[in-house]
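*Asks:* This one is model_1.pdb, PDB, C-alpha atoms and all ligand atoms.
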```
MODEL        1
ATOM      1  CA  MET A   1     118.055 119.965  92.512  1.00  0.00           C
ATOM      2  CA  ASN A   2     117.178 120.487  96.151  1.00  0.00           C
ATOM      3  CA  GLU A   3     114.969 123.206  97.623  1.00  0.00           C
ATOM      4  CA  LEU A   4     113.840 121.156 100.577  1.00  0.00           C
ATOM      5  CA  LYS A   5     114.516 121.986 104.215  1.00  0.00           C
ATOM      6  CA  LEU A   6     113.700 118.589 105.714  1.00  0.00           C
ATOM      7  CA  ALA A   7     115.247 116.236 103.157  1.00  0.00           C
ATOM      8  CA  LYS A   8     117.624 116.136 100.229  1.00  0.00           C
ATOM      9  CA  LEU A   9     116.907 115.061  96.673  1.00  0.00           C
ATOM     10  CA  ILE A  10     119.751 113.268  94.928  1.00  0.00           C
ATOM     11  CA  LYS A  11     120.298 112.008  91.401  1.00  0.00           C
ATOM     12  CA  ILE A  12     120.405 108.235  91.130  1.00  0.00           C
ATOM     13  CA  ARG A  13     122.872 107.283  88.449  1.00  0.00           C
ATOM     14  CA  ASN A  14     121.403 105.607  85.439  1.00  0.00           C
ATOM     15  CA  ILE A  15     122.822 103.512  82.607  1.00  0.00           C
ATOM     16  CA  GLU A  16     120.733 103.077  79.497  1.00  0.00           C
ATOM     17  CA  THR A  17     121.247  99.609  78.078  1.00  0.00           C
ATOM     18  CA  PHE A  18     119.937 100.440  74.599  1.00  0.00           C
ATOM     19  CA  GLY A  19     116.930  98.400  73.570  1.00  0.00           C
ATOM     20  CA  LYS A  20     117.198  96.490  76.838  1.00  0.00           C
ATOM     21  CA  GLY A  21     115.889  99.016  79.372  1.00  0.00           C
ATOM     22  CA  SER A  22     117.705 100.919  82.104  1.00  0.00           C
ATOM     23  CA  LEU A  23     119.889 100.186  85.102  1.00  0.00           C
ATOM     24  CA  SER A  24     120.128 102.496  88.102  1.00  0.00           C
ATOM     25  CA  PHE A  25     122.526 102.358  91.019  1.00  0.00           C
ATOM     26  CA  PHE A  26     123.934 104.312  93.931  1.00  0.00           C
ATOM     27  CA  GLU A  27     127.106 103.830  95.915  1.00  0.00           C
ATOM     28  CA  VAL A  28     127.762 104.388  99.594  1.00  0.00           C
ATOM     29  CA  GLY A  29     130.434 107.065  99.900  1.00  0.00           C
ATOM     30  CA  ASN A  30     130.032 108.409  96.351  1.00  0.00           C
ATOM     31  CA  ASP A  31     126.262 109.050  96.318  1.00  0.00           C
ATOM     32  CA  ILE A  32     125.155 108.838  99.947  1.00  0.00           C
ATOM     33  CA  CYS A  33     127.152 109.690 103.034  1.00  0.00           C
ATOM     34  CA  PHE A  34     125.843 107.055 105.478  1.00  0.00           C
ATOM     35  CA  ASP A  35     126.587 103.343 105.604  1.00  0.00           C
ATOM     36  CA  VAL A  36     123.710 101.121 104.537  1.00  0.00           C
ATOM     37  CA  LYS A  37     122.894  98.322 106.992  1.00  0.00           C
ATOM     38  CA  ARG A  38     119.446  97.376 105.658  1.00  0.00           C
ATOM     39  CA  ILE A  39     117.455  97.562 102.443  1.00  0.00           C
ATOM     40  CA  TYR A  40     113.709  96.992 102.354  1.00  0.00           C
ATOM     41  CA  TYR A  41     110.930  97.611  99.885  1.00  0.00           C
ATOM     42  CA  ILE A  42     107.189  98.132 100.185  1.00  0.00           C
ATOM     43  CA  TYR A  43     104.858  96.988  97.416  1.00  0.00           C
ATOM     44  CA  GLN A  44     101.359  95.669  96.633  1.00  0.00           C
ATOM     45  CA  VAL A  45      99.929  98.738  98.371  1.00  0.00           C
ATOM     46  CA  PRO A  46      96.503  99.806  97.052  1.00  0.00           C
ATOM     47  CA  GLU A  47      96.228 103.272  95.475  1.00  0.00           C
ATOM     48  CA  GLY A  48      95.348 106.010  97.969  1.00  0.00           C
ATOM     49  CA  VAL A  49      96.741 104.194 101.009  1.00  0.00           C
ATOM     50  CA  THR A  50      98.924 106.191 103.401  1.00  0.00           C
ATOM     51  CA  ARG A  51     101.749 104.434 105.247  1.00  0.00           C
ATOM     52  CA  GLY A  52     104.401 105.745 107.607  1.00  0.00           C
ATOM     53  CA  GLY A  53     103.053 108.021 110.309  1.00  0.00           C
ATOM     54  CA  HIS A  54     106.256 108.062 112.321  1.00  0.00           C
ATOM     55  CA  ALA A  55     109.731 109.505 112.711  1.00  0.00           C
ATOM     56  CA  HIS A  56     113.019 107.792 113.501  1.00  0.00           C
ATOM     57  CA  ARG A  57     115.151 108.858 116.441  1.00  0.00           C
ATOM     58  CA  ASN A  58     118.503 108.082 114.813  1.00  0.00           C
ATOM     59  CA  LEU A  59     117.959 106.404 111.449  1.00  0.00           C
ATOM     60  CA  GLU A  60     118.922 107.944 108.110  1.00  0.00           C
ATOM     61  CA  GLN A  61     117.224 106.681 104.974  1.00  0.00           C
ATOM     62  CA  LEU A  62     117.401 106.933 101.198  1.00  0.00           C
ATOM     63  CA  LEU A  63     113.956 106.538  99.593  1.00  0.00           C
ATOM     64  CA  ILE A  64     113.631 105.562  95.934  1.00  0.00           C
ATOM     65  CA  CYS A  65     110.482 104.804  93.964  1.00  0.00           C
ATOM     66  CA  PRO A  66     111.771 102.477  91.192  1.00  0.00           C
ATOM     67  CA  HIS A  67     108.251 102.060  89.811  1.00  0.00           C
ATOM     68  CA  GLY A  68     105.075 104.130  90.104  1.00  0.00           C
ATOM     69  CA  SER A  69     104.297 107.266  92.045  1.00  0.00           C
ATOM     70  CA  ILE A  70     104.465 107.845  95.787  1.00  0.00           C
ATOM     71  CA  GLU A  71     104.031 111.155  97.613  1.00  0.00           C
ATOM     72  CA  ILE A  72     106.268 111.678 100.623  1.00  0.00           C
ATOM     73  CA  LEU A  73     104.919 114.131 103.221  1.00  0.00           C
ATOM     74  CA  LEU A  74     107.484 115.428 105.693  1.00  0.00           C
ATOM     75  CA  ASN A  75     107.283 117.692 108.700  1.00  0.00           C
ATOM     76  CA  ASN A  76     109.227 118.710 111.787  1.00  0.00           C
ATOM     77  CA  GLY A  77     106.269 120.236 113.611  1.00  0.00           C
ATOM     78  CA  GLU A  78     106.926 123.619 111.952  1.00  0.00           C
ATOM     79  CA  VAL A  79     107.896 123.066 108.327  1.00  0.00           C
ATOM     80  CA  PHE A  80     105.665 120.883 106.128  1.00  0.00           C
ATOM     81  CA  GLU A  81     106.974 119.615 102.770  1.00  0.00           C
ATOM     82  CA  SER A  82     105.759 117.244 100.088  1.00  0.00           C
ATOM     83  CA  VAL A  83     107.803 115.410  97.456  1.00  0.00           C
ATOM     84  CA  LEU A  84     106.404 113.291  94.650  1.00  0.00           C
ATOM     85  CA  LEU A  85     108.689 110.351  93.920  1.00  0.00           C
ATOM     86  CA  ASP A  86     107.773 109.176  90.425  1.00  0.00           C
ATOM     87  CA  ASN A  87     111.167 108.810  88.777  1.00  0.00           C
ATOM     88  CA  PRO A  88     113.589 105.921  89.408  1.00  0.00           C
ATOM     89  CA  SER A  89     116.518 108.314  88.815  1.00  0.00           C
ATOM     90  CA  VAL A  90     115.672 110.398  91.882  1.00  0.00           C
ATOM     91  CA  GLY A  91     116.337 109.552  95.525  1.00  0.00           C
ATOM     92  CA  LEU A  92     115.246 111.324  98.692  1.00  0.00           C
ATOM     93  CA  ILE A  93     117.468 111.335 101.754  1.00  0.00           C
ATOM     94  CA  VAL A  94     115.448 111.726 104.951  1.00  0.00           C
ATOM     95  CA  ARG A  95     117.377 112.228 108.155  1.00  0.00           C
ATOM     96  CA  ASN A  96     116.361 111.408 111.696  1.00  0.00           C
ATOM     97  CA  MET A  97     113.588 113.195 113.599  1.00  0.00           C
ATOM     98  CA  VAL A  98     111.520 114.041 110.533  1.00  0.00           C
ATOM     99  CA  TRP A  99     107.896 112.884 110.602  1.00  0.00           C
ATOM    100  CA  ARG A 100     106.928 111.116 107.354  1.00  0.00           C
ATOM    101  CA  ASP A 101     103.792 109.852 105.684  1.00  0.00           C
ATOM    102  CA  MET A 102     103.905 108.061 102.330  1.00  0.00           C
ATOM    103  CA  VAL A 103     100.837 108.153 100.077  1.00  0.00           C
ATOM    104  CA  TRP A 104     100.542 105.581  97.270  1.00  0.00           C
ATOM    105  CA  ARG A 105      99.429 107.670  94.285  1.00  0.00           C
ATOM    106  CA  GLU A 106      99.404 104.680  91.911  1.00  0.00           C
ATOM    107  CA  CYS A 107      98.800 101.048  92.702  1.00  0.00           C
ATOM    108  CA  ASP A 108     101.808  98.800  91.955  1.00  0.00           C
ATOM    109  CA  SER A 109     104.170 101.563  93.089  1.00  0.00           C
ATOM    110  CA  VAL A 110     107.264 100.299  94.867  1.00  0.00           C
ATOM    111  CA  LEU A 111     109.130 102.135  97.624  1.00  0.00           C
ATOM    112  CA  MET A 112     112.697 101.003  98.162  1.00  0.00           C
ATOM    113  CA  VAL A 113     114.516 102.184 101.262  1.00  0.00           C
ATOM    114  CA  ALA A 114     118.212 101.982 102.118  1.00  0.00           C
ATOM    115  CA  ALA A 115     118.612 102.524 105.856  1.00  0.00           C
ATOM    116  CA  SER A 116     121.613 103.353 108.019  1.00  0.00           C
ATOM    117  CA  ASN A 117     120.763 100.738 110.640  1.00  0.00           C
ATOM    118  CA  GLU A 118     119.148  97.403 111.334  1.00  0.00           C
ATOM    119  CA  PHE A 119     115.452  97.345 112.284  1.00  0.00           C
ATOM    120  CA  ASP A 120     114.842  98.552 115.826  1.00  0.00           C
ATOM    121  CA  GLU A 121     111.306  99.309 116.998  1.00  0.00           C
ATOM    122  CA  LYS A 122     112.757 101.507 119.800  1.00  0.00           C
ATOM    123  CA  ASP A 123     114.105 103.877 117.122  1.00  0.00           C
ATOM    124  CA  TYR A 124     110.534 104.739 116.038  1.00  0.00           C
ATOM    125  CA  VAL A 125     108.468 107.666 117.383  1.00  0.00           C
ATOM    126  CA  ARG A 126     104.929 106.688 116.381  1.00  0.00           C
ATOM    127  CA  ASP A 127     102.980 109.231 118.426  1.00  0.00           C
ATOM    128  CA  TYR A 128     102.940 112.739 116.920  1.00  0.00           C
ATOM    129  CA  LYS A 129     102.666 114.577 120.261  1.00  0.00           C
ATOM    130  CA  SER A 130     105.667 112.645 121.610  1.00  0.00           C
ATOM    131  CA  PHE A 131     107.564 113.502 118.404  1.00  0.00           C
ATOM    132  CA  VAL A 132     107.004 117.265 118.865  1.00  0.00           C
ATOM    133  CA  LYS A 133     107.941 116.973 122.568  1.00  0.00           C
ATOM    134  CA  GLU A 134     111.154 115.076 121.766  1.00  0.00           C
ATOM    135  CA  LEU A 135     112.080 117.653 119.125  1.00  0.00           C
ATOM    136  CA  ASP A 136     111.568 120.483 121.620  1.00  0.00           C
ATOM    137  CA  GLU A 137     113.727 118.641 124.175  1.00  0.00           C
ATOM    138  CA  ARG A 138     116.483 118.142 121.579  1.00  0.00           C
ATOM    139  CA  ASN A 139     116.368 121.829 120.602  1.00  0.00           C
ATOM    140  CA  LEU A 140     116.626 122.848 124.273  1.00  0.00           C
ATOM    141  CA  GLN A 141     119.632 120.535 124.739  1.00  0.00           C
ATOM    142  CA  GLU A 142     121.310 122.077 121.675  1.00  0.00           C
ATOM    143  CA  MET A 143     120.831 125.601 123.062  1.00  0.00           C
ATOM    144  CA  LYS A 144     122.511 124.690 126.375  1.00  0.00           C
TER     145      LYS A 144
HETATM  146  P1  LIG V 201     106.678 100.366 109.370  1.00  0.00           P
HETATM  147  O1  LIG V 201     108.077 100.923 109.301  1.00  0.00           O
HETATM  148  O2  LIG V 201     105.781 100.904 110.438  1.00  0.00           O
HETATM  149  O3  LIG V 201     105.970 100.533 107.944  1.00  0.00           O
HETATM  150  P2  LIG V 201     105.452 101.860 107.186  1.00  0.00           P
HETATM  151  O4  LIG V 201     106.189 103.027 107.745  1.00  0.00           O
HETATM  152  O5  LIG V 201     105.762 101.602 105.753  1.00  0.00           O
HETATM  153  O6  LIG V 201     103.986 101.973 107.357  1.00  0.00           O
HETATM  154  O7  LIG V 201     106.779  98.784 109.471  1.00  0.00           O
HETATM  155  C1  LIG V 201     105.648  97.948 109.389  1.00  0.00           C
HETATM  156  C2  LIG V 201     105.908  96.718 110.224  1.00  0.00           C
HETATM  157  O8  LIG V 201     107.028  96.003 109.714  1.00  0.00           O
HETATM  158  C3  LIG V 201     106.225  97.042 111.693  1.00  0.00           C
HETATM  159  O9  LIG V 201     105.613  96.054 112.496  1.00  0.00           O
HETATM  160  C4  LIG V 201     107.717  96.883 111.782  1.00  0.00           C
HETATM  161  C5  LIG V 201     108.035  95.841 110.718  1.00  0.00           C
HETATM  162  N1  LIG V 201     109.353  96.026 110.094  1.00  0.00           N
HETATM  163  C6  LIG V 201     110.337  95.095 110.281  1.00  0.00           C
HETATM  164  O10 LIG V 201     110.174  94.085 111.001  1.00  0.00           O
HETATM  165  N2  LIG V 201     111.555  95.268 109.670  1.00  0.00           N
HETATM  166  C7  LIG V 201     111.800  96.341 108.883  1.00  0.00           C
HETATM  167  O11 LIG V 201     112.934  96.486 108.323  1.00  0.00           O
HETATM  168  C8  LIG V 201     110.755  97.320 108.699  1.00  0.00           C
HETATM  169  C9  LIG V 201     110.993  98.546 107.861  1.00  0.00           C
HETATM  170  C10 LIG V 201     109.549  97.129 109.331  1.00  0.00           C
ENDMDL
END
```
With the file now loaded, output its structure as structure tokens.

*Replies:*
Amino acid sequence: MNELKLAKLIKIRNIETFGKGSLSFFEVGNDICFDVKRIYYIYQVPEGVTRGGHAHRNLEQLLICPHGSIEILLNNGEVFESVLLDNPSVGLIVRNMVWRDMVWRECDSVLMVAASNEFDEKDYVRDYKSFVKELDERNLQEMK
């Protein structure tokens, strides 16, 4: 299912309740390998709007689009990838230090995010040049 370098696509389990719609769920431990400390969702975004424009220093996230169509643009300064989330049975795990933009391809689309930590503004890198610099510093540390 996954040919991405910067993120991982996962199947969100789905139960069809015949004639009564569908039910989807994921479980910490069985479907995702990080603990979930926070869930948030973004909605009422006009079509064509881009959100995001940041990376997280330590946070891991599972992104699901339960309704609509949202394009997720990812990069690490070298690799650039794009994923269209338009299926409630698909989730995208995005790890730390990956720059992301989210483009609302349809109005009324909803982005639901399960995150490994509570909100912390200090965890954000919102300036792209600082992001590339921090990545370089991390790579240098790893080589030592
Ligand atoms: P941000 O993560 O920048 O939104 P997006 O990436 O979708 O464009 O968050 C927007 C604002 O909301 C910012 O001021 C931080 C605040 N916020 C919280 O207070 N708690 C949260 O859990 C989140 C995700 C954001």

*Asks:* I need the residue set behind the PyMOL selection byres (((not hetatm)) within 8 of (chain V and resi 201)) for this file; please write it as a list of chain:residue names.

*Replies:*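 Written out, the selection comes to A:Arg38, A:Ile39, A:Tyr40, A:Ile42, A:Thr50, A:Arg51, A:Gly52, A:Gly53, A:His54, A:Asp101, A:Met102, A:Glu118, A:Phe119, A:Asp120, A:Glu121.
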
*Asks:* In Å, rounded to a single decimal, give me how far CA of Tyr41 in chain A is from CA of Asn76 in chain A.

*Replies:*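 Interatomic distance, CA of Asn76 in chain A to CA of Tyr41 in chain A: 24.3 Å.
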
*Asks:* Can you list what the PyMOL selection byres (((chain A and resi 2-11) around 8) and not hetatm) grabs from this structure, as a PyMOL selection string?

*Replies:* chain A and resi 1+12-13+31+74-76+79+81+89-95+98

*Asks:* For the PyMOL selection byres (((chain A and resi 127) around 12) and not hetatm), applied here, can you spell out every residue it catches as a list in words?

*Replies:* Gly52, Gly53, His54, Ala55, His56, Trp99, Arg100, Tyr124, Val125, Arg126, Tyr128, Lys129, Ser130, Phe131, Val132, Lys133 and Glu134 of chain A

*Asks:* Give me, please, the distance in Å between CA of Pro46 in chain A and CA of Lys122 in chain A, quoted to one decimal.

*Replies:*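 One can read the CA of Pro46 in chain A to CA of Lys122 in chain A distance as 28.0 Å.
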
*Asks:* Of the candidates A:Asn87, A:Gly29, A:Val113, A:Asp35, which one gets nearest to Leu63 in chain A if we count all atoms listed in the file?

*Replies:*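 Closest residue, counting all atoms listed in the file: A:Val113.
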
*Asks:* Mind giving me the straight-line distance from CA of Phe34 in chain A to CA of Glu60 in chain A in Å, one decimal?

*Replies:*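 Distance between the two atoms: 7.5 Å.
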
*Asks:* Would you mind telling me which residue in A:Asn139, A:Asp123, A:Gln61, A:Arg105 lies nearest to Cys33 in chain A when using all atoms listed in the file?

*Replies:* A:Gln61

*Asks:* For Val83 in chain A, work out the shell of residues within 8 Å, counting all atoms listed in the file and skipping chain neighbours fewer than 3 positions away, then give it as a list in words.

*Replies:*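 After dropping sequence-adjacent residues, the list is Glu71, Ile72 and Leu73 of chain A.
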
*Asks:* Pick the closest to Ser69 in chain A from A:Ser109, A:Asn14, A:Asn117, A:Ser22: which is it, counting only C-alpha atoms?

*Replies:*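 Ranking A:Ser109, A:Asn14, A:Asn117, A:Ser22 by distance to Ser69 in chain A, first place goes to A:Ser109.
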
*Asks:* Which residue out of A:Val28, A:Leu135, A:Val36, A:Ile15 has the minimum interatomic distance to Ala114 in chain A when only C-alpha atoms are used?

*Replies:*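 Of A:Val28, A:Leu135, A:Val36, A:Ile15, the one nearest Ala114 in chain A, counting only C-alpha atoms, is A:Val36.
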
*Asks:* Using all atoms listed in the file, pick whichever of A:Phe18, A:Phe25, A:Phe80, A:Trp104 has the shortest atom-to-atom distance to Gly48 in chain A.

*Replies:*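 Among A:Phe18, A:Phe25, A:Phe80, A:Trp104, it is A:Trp104 that comes nearest to Gly48 in chain A.
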